[in-house]
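Only one structure is covered here, and it is reproduced in the block below.
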2 protein chains.
Amino acid sequence: MPTRQLSLNLFIYPDGHHEAAWRYPSAEIARLTDVSWFQRLAQQAEQVAFDAVFFADGPVLAENIEYAPRFRLEPITLLAGIAAATSRIGLIATASTTYHQPYNLARLFASVDHQSRGRVGWNIVTTTNDAAAFNFGLDAHPSHAERYARAQEFLEVVTGLWDSWEDDAVLADPVGGRYADPAKIHRLDHEGRYFTVRGPLNVPRVPQGRPVYVQAGSSEDGRGFAARWAEAIFTAHQTLPSAQEFYCDIKSRALGLGRRPEHIRVLPGLSPFIGGTEAEAKRLQAEFNDLIQPGYSLQQLRQMLGVDFTGHDLDAPFPRHLIAPDNSRAVASRFQVVLDIVDREKPTLRGLLHRLAGARGHFVLAGTPEQVADHIETWFTQAAADGFNIMPPWLPGGFEAFADQVVPLLRRRGLFREEYARSTLRDHYGLPRPESRFAALPQRRAS
Amino acid sequence: MPTRQLSLNLFIYPDGHHEAAWRYPSAEIARLTDVSWFQRLAQQAEQVAFDAVFFADGPVLAENIEYAPRFRLEPITLLAGIAAATSRIGLIATASTTYHQPYNLARLFASVDHQSRGRVGWNIVTTTNDAAAFNFGLDAHPSHAERYARAQEFLEVVTGLWDSWEDDAVLADPVGGRYADPAKIHRLDHEGRYFTVRGPLNVPRVPQGRPVYVQAGSSEDGRGFAARWAEAIFTAHQTLPSAQEFYCDIKSRALGLGRRPEHIRVLPGLSPFIGGTEAEAKRLQAEFNDLIQPGYSLQQLRQMLGVDFTGHDLDAPFPRHLIAPDNSRAVASRFQVVLDIVDREKPTLRGLLHRLAGARGHFVLAGTPEQVADHIETWFTQAAADGFNIMPPWLPGGFEAFADQVVPLLRRRGLFREEYARSTLRDHYGLPRPESRFAALPQRRAS
């Protein structure tokens with residue numbers, strides 16, 4: 001059995017993850033709607049054998065579009081464009097169970113898994129931005145609990161759709177005149193609280209059986225959902241103990257549900273500023289922080305905490321007492337992360353904005369390549385991570401520094417592959433290819 | 001001003017349009033889920049400067065999957081994969097207004113119009129297959145009138161979303177720190193019978209302003225809808241007078257709505273069997289017809305006429321009296337076409353199945369390259385067509401014959417371009433790039 005290996009994703013924000021990345025002098029701001037920009041980034045990640053590229057999404061325009069390129073090309077179609085320009089790297093797109101119909105979404109991902117020959121992952125979200133509701137005829141964004149209840153049922157439906165063609169349903173027998181065996185193509189006849197879906201899907205079973213299920217929830221509901229469904233988890237932690245608690249909790253929950261813990265890859269975010277010396281890296285980080293705009297940063301903070309700090313003195317201590325214990329208007333996965341930073345580091349408001357500017361609450365590390373590799377090795381070997389979602393502060397330079405200077409160190413330490421062993425995303429992550437639930441029925445086995 | 005030119009689309013059914021194409025000895029049946037298959041077909045069409053490739057769609061599995069590869073890769077993602085392998089040819093995908101949410105669909109097409117630099121068209125359908133309803137939580141497929149009412153409102157919404165960013169909304173000013181001008185990004189605040197959508201879209205305005213609107217309705221509702229919205233119309237006619245009636249009616253209706261008639265391209269379907277002599281072409285057609293399977297053909301016929309003829313004597317005269325005058329269970333665009341064939345040609349049931357096997361009611365022509373070119377020239381110059389949706393009986397051979405033998409004749413006659421003059425689908429079709437409805441507001445012009 002091979003040594004346990006790191007998984008590394010490149011999480012692509014078009015301009016990079018630092019909120020002022022687009023203002024950095026080398027930024028190629030005119031190319032952010034250009035598919036060749038994303039194809040190049042994916043090719044660069046493929047050259048160093050990264051597991052996947054990863055795209056966030058949400059079906060609503062960000063409020064802070066004035067201050068940064070926070071539009072969103074629809075990411076599943078973007079994966080199809082990237083698939084055509086790559087051959088091995090995994091391709092993960094975010095899509096919301098709250099604002100999609102399962103039959104349509106199942107088809108979109110199935111089509112791209114075929115096009116990429118088995119490289120697709122779905123980052124399952126329930127959407128945090130309240131305003132999305134108004135684009136879909138709702139008076140209000142459904143509650144957290146409601147969104148997760150719908151997500152559970154959504155997953156049951158799309159899993160059934162992806163399973164609806166057994167692997168050997170296609171006969172492709174031109175002489176006998178039979179293209180497919182209808183006995184191996186199944187209806188779901190699903191009737192639930194949120195969905196009634198007959199099926200079958202109108203697409204043959206995909207190369208990976210199903211896309212890889214990725215998830216990022218950290219609330220109680222989110223963790224329960226992840227333990228049941230997720231095969232890779234994207235998560236935000238500022239300290240080793242916090243990451244270890246999460247890692248252990250998720251793996252325990254999965255074990256409790258009869259799953260093998262190694263079949264859930266836990267991947268914290270990591271945004272590295274890399275320099276020849278630590279001081280040089282910190283100078284680089286400061287260069288970016290000097291470009292932030294409080295109007296943007298305060299909107300971000302409001303989303304994370306549910307409180308608007310506009311008008312407060314940026315250089316006074318952060319007004320901790322204004323944060324209500326009720327965080328129902330906040331992003332669950334960030335609320336505690338930010339409070340922990342505040343309690344631990346006692347920053348000014350401006351200091352907190354700088355602290356969060358790099359990656360919206362994900363871990364930002366300014367250091368030498370060795371320091372970055374040490375951090376990765378520590379978390380990987382001390383039960384905090386199976387790998388990382390690398391979130392370069394700016395692109396492509398921030399990623400190139402990681403690929404050129406950190407990846408070789410990780411390889412020298414035996415932590416990361418020299419090249420791809422196989423070709424699907426399931427292969428890269430070491431995940432099994434699921435059998436169709438219909439193929440697993442006893443009566444089908446007997447026939 | 002250049003001479004009026006033909007528009008030619010390649011309508012791609014994965015294996016070809018003849019219902020037994022996949023059984024033809026040269027069929028590459030194993031490649032039909034392979035994006036490189038579709039990329040190659042599009043590249044071949046691009047080499048002869050076709051206007052576009054065209055994909056049908058429906059969100060339900062065809063009943064006759066047993067007898068032919070009638071699955072459907074989701075076509076918008078497929079366009080994205082093809083866009084990456086081509087640079088000039090237009091890319092048209094079908095999507096249903098009955099079974100999509102406008103915000104999601106607007107994003108999918110916007111993303112592919114960006115990826116292709118302005119080559120996307122949307123074939124707007126309301127879906128004819130009743131069974132789609134059961135994949136979307138409905139008890140029954142909405143009525144024809146209901147579907148068209150929803151389609152009208154759907155078009156108003158997505159048009160507003162595609163218009164929601166004015167062309168100059170993106171400032172991309174890193175020094176000033178302003179990425180976009182919020183005064184040029186507009187909410188719709190649409191509240192209608194079917195949809196409530198706030199907007200704006202979360203994607204900058206697309207290269208073409210909006211995708212090209214393509215449509216295929218032929219009912220009264222369908223013609224009204226087309227006259228209002230369509231920029232290209234795909235239509236089925238078996239005779240020159242029928243095509244002329246349709247052509248003239250659509251152009252008149254458009255004129256009546258204040259549109260310019262040349263801004264609606266009328267494109268009948270044409271499925272050519274090409275041979276060195278007419279007899280050779282007819283022998284080729286007979287070879288394909290010998291491969292059809294009545295089980296498949298009778299299902300097709302049932303969809304077109306709303307009547308199941310299974311069990312009837314294939315070699316007796318077609319039982320015309322069984323067709324009810326009420327065609328509510330039939331496909332509106334085919335019902336009359338098929339009845340006209342029956343009344344004109346008095347075929348046996350088998351003869352009718354052969355007649356329809358080539359292209360589901362579209363015009364099938366077995367002849368020499370000259371005969372095919374003559375047909376095209378006649379319809380084009382006698383107010384029956386602005387071009388054609390070419391539906392090769394099998395692929396790639398059926399298309400290669402047209403490209404190699406018919407296209408040169410059309411060029412010699414001055415009917416078809418030698419090469420692309422410009423690069424968007426709107427350019428190829430000679431359509432204007434629409435201005436954003438918000439940019440056209442007087443108060444905005446004044447500011």
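Please note that chains go A, B, ... in the order of the structure tokens, that every chain numbers its residues from 1, and that ligands are numbered from 1 in the order shown.
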Output as CSV one row per residue of chain B within 7 Å of chain A: the closest atom pair and its distance in Å to one decimal place, counting only C-alpha atoms, sorted by chain and residue number ascending.
residue,atom,partner,partner_atom,distance
B:Trp22,CA,A:Pro174,CA,6.7
B:Arg23,CA,A:Pro174,CA,4.5
B:Ile29,CA,A:Ala172,CA,6.9
B:Thr33,CA,A:His114,CA,6.3
B:Asp34,CA,A:Gln115,CA,6.2
B:Val35,CA,A:Gln115,CA,5.2
B:Val60,CA,A:Asn202,CA,5.7
B:Leu61,CA,A:Asn202,CA,4.3
B:Ile65,CA,A:Ala180,CA,6.2
B:Glu66,CA,A:Ala180,CA,4.6
B:Tyr67,CA,A:Arg178,CA,5.0
B:Ala68,CA,A:Tyr179,CA,5.1
B:Pro69,CA,A:Tyr179,CA,6.0
B:Phe71,CA,A:Asn202,CA,5.0
B:Arg72,CA,A:Val203,CA,5.7
B:Leu73,CA,A:Ser111,CA,5.2
B:Glu74,CA,A:Ser111,CA,5.5
B:Thr77,CA,A:Thr77,CA,5.0
B:Ala80,CA,A:Gly81,CA,5.1
B:Gly81,CA,A:Gly81,CA,4.9
B:Ala84,CA,A:Gly81,CA,5.7
B:Tyr103,CA,A:Asn135,CA,6.5
B:Arg107,CA,A:Glu74,CA,5.8
B:Leu108,CA,A:Glu74,CA,5.8
B:Ser111,CA,A:Leu73,CA,5.2
B:Val112,CA,A:Thr77,CA,6.7
B:His114,CA,A:Thr33,CA,6.3
B:Gln115,CA,A:Val35,CA,5.1
B:Phe134,CA,A:Arg198,CA,5.4
B:Asn135,CA,A:Val197,CA,4.3
B:Phe136,CA,A:Val197,CA,5.9
B:Gly137,CA,A:Thr196,CA,4.3
B:Ala172,CA,A:Ile29,CA,6.8
B:Pro174,CA,A:Arg23,CA,4.5
B:Val175,CA,A:Arg23,CA,6.8
B:Gly177,CA,A:Tyr67,CA,6.1
B:Arg178,CA,A:Tyr67,CA,5.0
B:Tyr179,CA,A:Ala68,CA,5.1
B:Ala180,CA,A:Glu66,CA,4.6
B:Asp181,CA,A:Glu66,CA,6.0
B:Pro182,CA,A:Glu66,CA,6.1
B:Phe195,CA,A:Gly137,CA,6.0
B:Thr196,CA,A:Gly137,CA,4.3
B:Val197,CA,A:Asn135,CA,4.3
B:Arg198,CA,A:Asn135,CA,5.1
B:Gly199,CA,A:Asn135,CA,5.9
B:Pro200,CA,A:Leu61,CA,6.7
B:Leu201,CA,A:Leu61,CA,6.4
B:Asn202,CA,A:Leu61,CA,4.3
B:Val203,CA,A:Phe71,CA,5.3
Report the residues of segment 263-413 of chain A whose backbone DSSP state falls under strand (DSSP E or B), written as a list in words.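 Going through segment 263-413 of chain A, the strand (DSSP E or B) residues come out as Arg265, Val266, Leu267, Pro268, Gly269, Leu270, Ser271, Pro272, Phe273, Ile274, Pro317, Thr348, Phe363, Val364, Leu365, Ala366, Gly367, Gly387, Phe388, Asn389 and Ile390 of chain A.
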Restricting the output to C-alpha atoms, write the selected residues as a PDB file, in the first residue's frame.
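Saved as result_16.pdb:
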ATOM      1  CA  ARG A 265     -10.480  13.924   2.562  1.00  0.00           C
ATOM      2  CA  VAL A 266     -10.300  16.880   4.958  1.00  0.00           C
ATOM      3  CA  LEU A 267      -8.767  19.870   3.165  1.00  0.00           C
ATOM      4  CA  PRO A 268      -8.341  23.154   5.060  1.00  0.00           C
ATOM      5  CA  GLY A 269      -7.765  26.338   3.108  1.00  0.00           C
ATOM      6  CA  LEU A 270      -4.256  27.797   3.025  1.00  0.00           C
ATOM      7  CA  SER A 271      -3.288  31.119   1.471  1.00  0.00           C
ATOM      8  CA  PRO A 272       0.497  31.457   1.268  1.00  0.00           C
ATOM      9  CA  PHE A 273       2.611  34.594   0.743  1.00  0.00           C
ATOM     10  CA  ILE A 274       6.015  33.175  -0.119  1.00  0.00           C
ATOM     11  CA  PRO A 317      -9.765  48.260  19.361  1.00  0.00           C
ATOM     12  CA  THR A 348      -7.947  46.970  15.962  1.00  0.00           C
ATOM     13  CA  PHE A 363      -5.337  30.502   7.176  1.00  0.00           C
ATOM     14  CA  VAL A 364      -2.892  32.997   5.682  1.00  0.00           C
ATOM     15  CA  LEU A 365       0.783  32.190   6.026  1.00  0.00           C
ATOM     16  CA  ALA A 366       3.525  34.644   5.084  1.00  0.00           C
ATOM     17  CA  GLY A 367       6.836  32.817   5.162  1.00  0.00           C
ATOM     18  CA  GLY A 387      -4.307  17.990   2.222  1.00  0.00           C
ATOM     19  CA  PHE A 388      -5.061  21.624   1.465  1.00  0.00           C
ATOM     20  CA  ASN A 389      -7.078  23.868  -0.721  1.00  0.00           C
ATOM     21  CA  ILE A 390      -4.340  26.239  -1.832  1.00  0.00           C
TER      22      ILE A 390
END
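For the residues B:Gln244, B:Thr381, B:Phe402, B:Ser423, ranking by smallest atom-to-atom distance to Thr86 of chain B using only C-alpha atoms places B:Ser423 first.
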Skipping near chain neighbours, those fewer than 6 positions away, what residues fall within 10 Å of Thr239 of chain B using only C-alpha atoms, listed as a PyMOL selection string? chain B and resi 337+340-341+363+379+384
What parts of segment 176-395 of chain B does DSSP call alpha helix (DSSP H)? I'd like the answer as a PyMOL selection string. chain B and resi 220-229+240-256+278-289+294-305+332-345+349-357+369-381
Can you pull out the residues contacting segment 426-441 of chain B? Cut-off 10 Å, using only C-alpha atoms, and skip same-chain residues under 6 positions away; I want them as a PyMOL selection string. chain B and resi 4-8+49-52+88-90+118-121+159-168+184-188+205+207-212+231-232+262-265+386-387+417+420
Just-selected residues, C-alpha atoms written as a tab-separated table (two decimals), in the first residue's frame:
chain	number	residue	atom	x	y	z
B	4	ARG	CA	-27.79	37.98	-49.46
B	5	GLN	CA	-26.03	34.85	-48.24
B	6	LEU	CA	-27.20	31.46	-47.08
B	7	SER	CA	-26.96	30.46	-43.44
B	8	LEU	CA	-26.02	26.84	-42.85
B	49	ALA	CA	-17.46	28.19	-42.63
B	50	PHE	CA	-20.85	26.93	-41.44
B	51	ASP	CA	-22.74	29.43	-39.32
B	52	ALA	CA	-23.27	27.12	-36.35
B	88	ARG	CA	-15.38	30.92	-35.26
B	89	ILE	CA	-18.35	28.62	-35.62
B	90	GLY	CA	-21.57	29.48	-33.78
B	118	GLY	CA	-19.71	35.62	-28.64
B	119	ARG	CA	-20.70	32.51	-30.51
B	120	VAL	CA	-23.70	31.24	-28.54
B	121	GLY	CA	-27.32	30.78	-29.52
B	159	THR	CA	-33.52	39.32	-21.54
B	160	GLY	CA	-33.58	41.68	-18.58
B	161	LEU	CA	-30.86	39.68	-16.84
B	162	TRP	CA	-28.63	39.71	-19.92
B	163	ASP	CA	-29.23	43.45	-20.16
B	164	SER	CA	-28.64	44.10	-16.47
B	165	TRP	CA	-25.00	45.07	-16.88
B	166	GLU	CA	-24.60	47.91	-19.34
B	167	ASP	CA	-21.70	47.55	-21.74
B	168	ASP	CA	-19.61	50.09	-19.89
B	184	LYS	CA	-24.71	50.77	-14.61
B	185	ILE	CA	-25.69	47.43	-13.10
B	186	HIS	CA	-29.46	47.14	-12.78
B	187	ARG	CA	-32.00	45.20	-10.85
B	188	LEU	CA	-35.04	43.98	-12.77
B	205	ARG	CA	-22.60	41.68	-20.19
B	207	PRO	CA	-19.86	39.66	-26.02
B	208	GLN	CA	-23.03	39.40	-28.14
B	209	GLY	CA	-25.10	41.48	-25.75
B	210	ARG	CA	-27.45	38.53	-25.57
B	211	PRO	CA	-27.18	35.02	-27.01
B	212	VAL	CA	-28.88	34.65	-30.40
B	231	GLU	CA	-33.68	35.72	-34.54
B	232	ALA	CA	-33.37	32.34	-36.25
B	262	GLU	CA	-34.03	40.11	-42.36
B	263	HIS	CA	-33.41	39.93	-38.61
B	264	ILE	CA	-35.25	36.60	-38.48
B	265	ARG	CA	-33.38	33.87	-40.32
B	386	ASP	CA	-32.73	32.06	-45.52
B	387	GLY	CA	-30.65	28.94	-45.12
B	417	ARG	CA	-19.38	32.43	-47.99
B	420	TYR	CA	-15.92	33.82	-42.16
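Each of A:Arg360, A:Val331, A:Ile233, A:Pro241 was checked against Gly306 of chain A using only C-alpha atoms; the smallest atom-to-atom distance is that of A:Val331.
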Could you please determine the separation between atom CA of Val342 of chain B and atom CA of Arg355 of chain B in Å, to one decimal place?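 Pair atom CA of Val342 of chain B / atom CA of Arg355 of chain B returns 9.9 Å.
Here atom CA of Phe380 of chain A is placed at a distance of 15.2 Å from atom CA of Arg412 of chain A.
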Find the residues around segment 247-255 of chain B up to 8 Å (only C-alpha atoms counted), leave out those fewer than 2 positions away in its own chain, and share them as a PyMOL selection string. chain B and resi 223-224+226-228+243-245+257-261+264+266+383-385
Option closest in space to Met391 of chain B, from B:Pro325, B:Leu352, B:Ala56, B:Glu28 [counting only C-alpha atoms]: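 Of B:Pro325, B:Leu352, B:Ala56, B:Glu28, the one nearest Met391 of chain B, counting only C-alpha atoms, is B:Ala56.
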With only C-alpha atoms as the atoms that count, which of A:Ala145, A:Leu339, A:Val214, A:Leu425 lies nearest to Phe318 of chain A? A:Leu339
Shortest contact to Ser87 of chain A, candidates A:Thr378, A:Gly275, A:Glu287, A:Glu46, atoms counted only C-alpha atoms, goes to A:Glu46
What's the separation between atom CA of Val406 of chain A and atom CA of Ser242 of chain A, in Å to one decimal place?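 Atom-to-atom, atom CA of Val406 of chain A to atom CA of Ser242 of chain A, that is 24.1 Å.
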Contacts of Leu353 of chain A at 8 Å or less, counting only C-alpha atoms, minus same-chain residues fewer than 5 places along, as a ChimeraX atom specification? /A:294,297-298,301
Ala324 of chain A surroundings by only C-alpha atoms, 9 Å radius, close-in-sequence under 3 positions cut, as an mmCIF file with N, CA, C and O atoms, in the first residue's frame:
data_model
loop_
_atom_site.group_PDB
_atom_site.id
_atom_site.type_symbol
_atom_site.label_atom_id
_atom_site.label_comp_id
_atom_site.auth_asym_id
_atom_site.auth_seq_id
_atom_site.Cartn_x
_atom_site.Cartn_y
_atom_site.Cartn_z
ATOM 1 N N LEU A 305 -19.968 38.196 10.143
ATOM 2 C CA LEU A 305 -20.408 38.366 11.539
ATOM 3 C C LEU A 305 -21.866 38.804 11.665
ATOM 4 O O LEU A 305 -22.418 38.791 12.770
ATOM 5 N N GLY A 306 -22.461 39.216 10.566
ATOM 6 C CA GLY A 306 -23.846 39.675 10.655
ATOM 7 C C GLY A 306 -23.970 41.066 11.268
ATOM 8 O O GLY A 306 -25.059 41.472 11.675
ATOM 9 N N VAL A 307 -22.872 41.807 11.382
ATOM 10 C CA VAL A 307 -22.890 43.150 11.983
ATOM 11 C C VAL A 307 -22.139 44.099 11.041
ATOM 12 O O VAL A 307 -21.093 43.738 10.490
ATOM 13 N N HIS A 321 -18.020 43.866 21.773
ATOM 14 C CA HIS A 321 -19.308 43.777 22.451
ATOM 15 C C HIS A 321 -20.500 43.924 21.478
ATOM 16 O O HIS A 321 -21.624 43.614 21.831
ATOM 17 N N ASN A 327 -25.930 34.235 15.840
ATOM 18 C CA ASN A 327 -25.223 34.475 14.583
ATOM 19 C C ASN A 327 -26.050 34.060 13.372
ATOM 20 O O ASN A 327 -25.513 33.668 12.343
#
